[in-house]
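Q: To start, I am sharing the structure in question, which I have written as C-alpha coordinates.
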Amino acid sequence: MSAKDTAEKLALLRANLHSQHLDSGQRQHLESAVDELERQLMAANLPDPAAFEDQVLAWETRLAVEHPMLSSVISEAMRKLSAMGI
(Lines give C-alpha, C1' and ligand atoms only; values in the text may rest on other atoms or scores of the structure.)
Protein backbone atom coordinates (compact mmCIF):
# COMPACT_ATOMS: atom_id res chain seq x y z
CA MET A 1 0.00 0.00 0.00
CA SER A 2 1.38 3.40 -0.93
CA ALA A 3 1.99 6.16 1.61
CA LYS A 4 -0.84 8.15 0.03
CA ASP A 5 -3.27 5.20 0.35
CA THR A 6 -2.20 4.65 3.94
CA ALA A 7 -2.73 8.33 4.80
CA GLU A 8 -6.17 8.30 3.17
CA LYS A 9 -7.23 5.17 5.02
CA LEU A 10 -6.01 6.51 8.35
CA ALA A 11 -7.93 9.73 7.70
CA LEU A 12 -11.04 7.67 6.94
CA LEU A 13 -10.57 5.70 10.16
CA ARG A 14 -10.19 8.94 12.16
CA ALA A 15 -13.31 10.39 10.54
CA ASN A 16 -15.22 7.23 11.42
CA LEU A 17 -14.11 7.52 15.06
CA HIS A 18 -15.24 11.16 15.18
CA SER A 19 -18.65 10.27 13.82
CA GLN A 20 -19.33 7.85 16.68
CA HIS A 21 -20.98 8.78 19.96
CA LEU A 22 -18.14 8.09 22.38
CA ASP A 23 -17.31 9.55 25.73
CA SER A 24 -14.03 11.45 25.97
CA GLY A 25 -12.16 8.52 27.55
CA GLN A 26 -13.26 6.09 24.87
CA ARG A 27 -12.43 8.54 22.08
CA GLN A 28 -9.02 9.31 23.58
CA HIS A 29 -8.18 5.61 23.97
CA LEU A 30 -9.10 4.77 20.37
CA GLU A 31 -7.38 7.87 18.99
CA SER A 32 -4.22 6.91 20.89
CA ALA A 33 -4.32 3.46 19.28
CA VAL A 34 -4.69 5.02 15.82
CA ASP A 35 -1.89 7.50 16.60
CA GLU A 36 0.41 4.61 17.60
CA LEU A 37 -0.46 2.71 14.43
CA GLU A 38 0.27 5.82 12.36
CA ARG A 39 3.64 6.33 14.10
CA GLN A 40 4.59 2.73 13.40
CA LEU A 41 3.55 2.98 9.76
CA MET A 42 5.43 6.25 9.27
CA ALA A 43 8.55 4.78 10.87
CA ALA A 44 8.18 1.70 8.63
CA ASN A 45 8.05 -0.26 11.86
CA LEU A 46 4.95 -2.17 10.92
CA PRO A 47 3.11 -3.74 13.84
CA ASP A 48 2.77 -7.48 14.02
CA PRO A 49 -0.73 -7.94 12.56
CA ALA A 50 -1.63 -10.79 14.89
CA ALA A 51 -0.49 -8.92 18.00
CA PHE A 52 -2.33 -5.77 16.91
CA GLU A 53 -5.50 -7.74 16.23
CA ASP A 54 -5.21 -9.47 19.61
CA GLN A 55 -4.85 -6.09 21.32
CA VAL A 56 -7.90 -4.63 19.59
CA LEU A 57 -9.97 -7.75 20.26
CA ALA A 58 -9.03 -7.55 23.95
CA TRP A 59 -10.22 -3.90 24.00
CA GLU A 60 -13.41 -4.97 22.28
CA THR A 61 -14.10 -7.66 24.87
CA ARG A 62 -13.43 -5.35 27.81
CA LEU A 63 -15.37 -2.42 26.41
CA ALA A 64 -18.30 -4.61 25.29
CA VAL A 65 -18.96 -5.29 28.96
CA GLU A 66 -18.34 -1.73 30.13
CA HIS A 67 -19.87 0.10 27.15
CA PRO A 68 -22.02 -2.14 24.92
CA MET A 69 -22.47 0.50 22.22
CA LEU A 70 -18.72 0.88 21.87
CA SER A 71 -18.45 -2.78 20.91
CA SER A 72 -20.07 -2.03 17.59
CA VAL A 73 -17.70 0.92 17.00
CA ILE A 74 -14.63 -1.26 17.54
CA SER A 75 -16.07 -4.02 15.35
CA GLU A 76 -16.58 -1.47 12.58
CA ALA A 77 -13.03 -0.16 13.03
CA MET A 78 -11.69 -3.73 12.83
CA ARG A 79 -13.66 -4.32 9.64
CA LYS A 80 -12.24 -1.15 8.09
CA LEU A 81 -8.67 -1.94 9.18
CA SER A 82 -9.03 -5.40 7.71
CA ALA A 83 -10.32 -3.92 4.47
CA MET A 84 -7.26 -1.62 4.45
CA GLY A 85 -4.98 -4.61 4.75
CA ILE A 86 -3.86 -3.56 8.22
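Within each chain, counting starts at residue 1; across the C-alpha coordinates, chains are named A, B, ... in the order shown, with ligands numbered 1 upward in that order.
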Quick one: residues within 12 Å of stretch 22-30 of chain A, only C-alpha atoms, excluding same-chain residues fewer than 4 positions away - as a list in words?
A: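 Once the adjacent positions are removed, what remains is Leu13, Arg14, Ala15, Asn16, Leu17, His18, Val34, Asp35, Glu36, Leu37, Gln55, Val56, Trp59, Glu60, Arg62, Leu63, Ala64, Glu66, His67, Pro68, Met69, Leu70, Ser71, Ser72, Val73, Ile74, Ala77 and Met78 of chain A.
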Q: Find the residues near A:Met84: any atom within 8 Å, counting only C-alpha atoms, skip ones fewer than 3 places away on the same chain, and give them as a VMD selection string.
A: chain A and resid 9 80 to 81
Q: Could those selected residues go to a file with N, CA and C atoms, as a CSV table (one decimal), in the first residue's frame?
A:
chain,number,residue,atom,x,y,z
A,9,LYS,N,-6.5,6.1,4.2
A,9,LYS,CA,-7.2,5.2,5.0
A,9,LYS,C,-7.2,5.5,6.5
A,80,LYS,N,-12.9,-2.1,9.0
A,80,LYS,CA,-12.2,-1.1,8.1
A,80,LYS,C,-10.7,-1.4,8.0
A,81,LEU,N,-10.1,-1.7,9.2
A,81,LEU,CA,-8.7,-1.9,9.2
A,81,LEU,C,-8.4,-3.2,8.3
Q: Looking at A:Glu76, A:Ile86, A:Ala58, A:Ala50, which one is nearest to A:Leu10, with distances taken over only C-alpha atoms?
A: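 Among the listed residues, the smallest separation from A:Leu10 belongs to A:Ile86.
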Q: I need the alpha helix (DSSP H) residues of stretch 2-84 of chain A per DSSP on the backbone, written as a PyMOL selection string.
A: chain A and resi 3-18+24-42+49-66+68-84
Q: For a test of reading the model, state the distance in Å between atom CA of A:Leu57 and atom CA of A:Ser82, rounded to one decimal.
A: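 Straight-line distance from atom CA of A:Leu57 to atom CA of A:Ser82 works out to 12.8 Å.
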Q: Would you work out the distance separating atom CA of A:Thr6 from atom CA of A:Gly85, expressed in Å to one decimal?
A: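 Interatomic distance here is 9.7 Å.
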Q: What separation in Å, quoted to one decimal, exists between atom CA of A:Ala51 and atom CA of A:Val65?
A: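 Those two atoms sit 21.8 Å apart.
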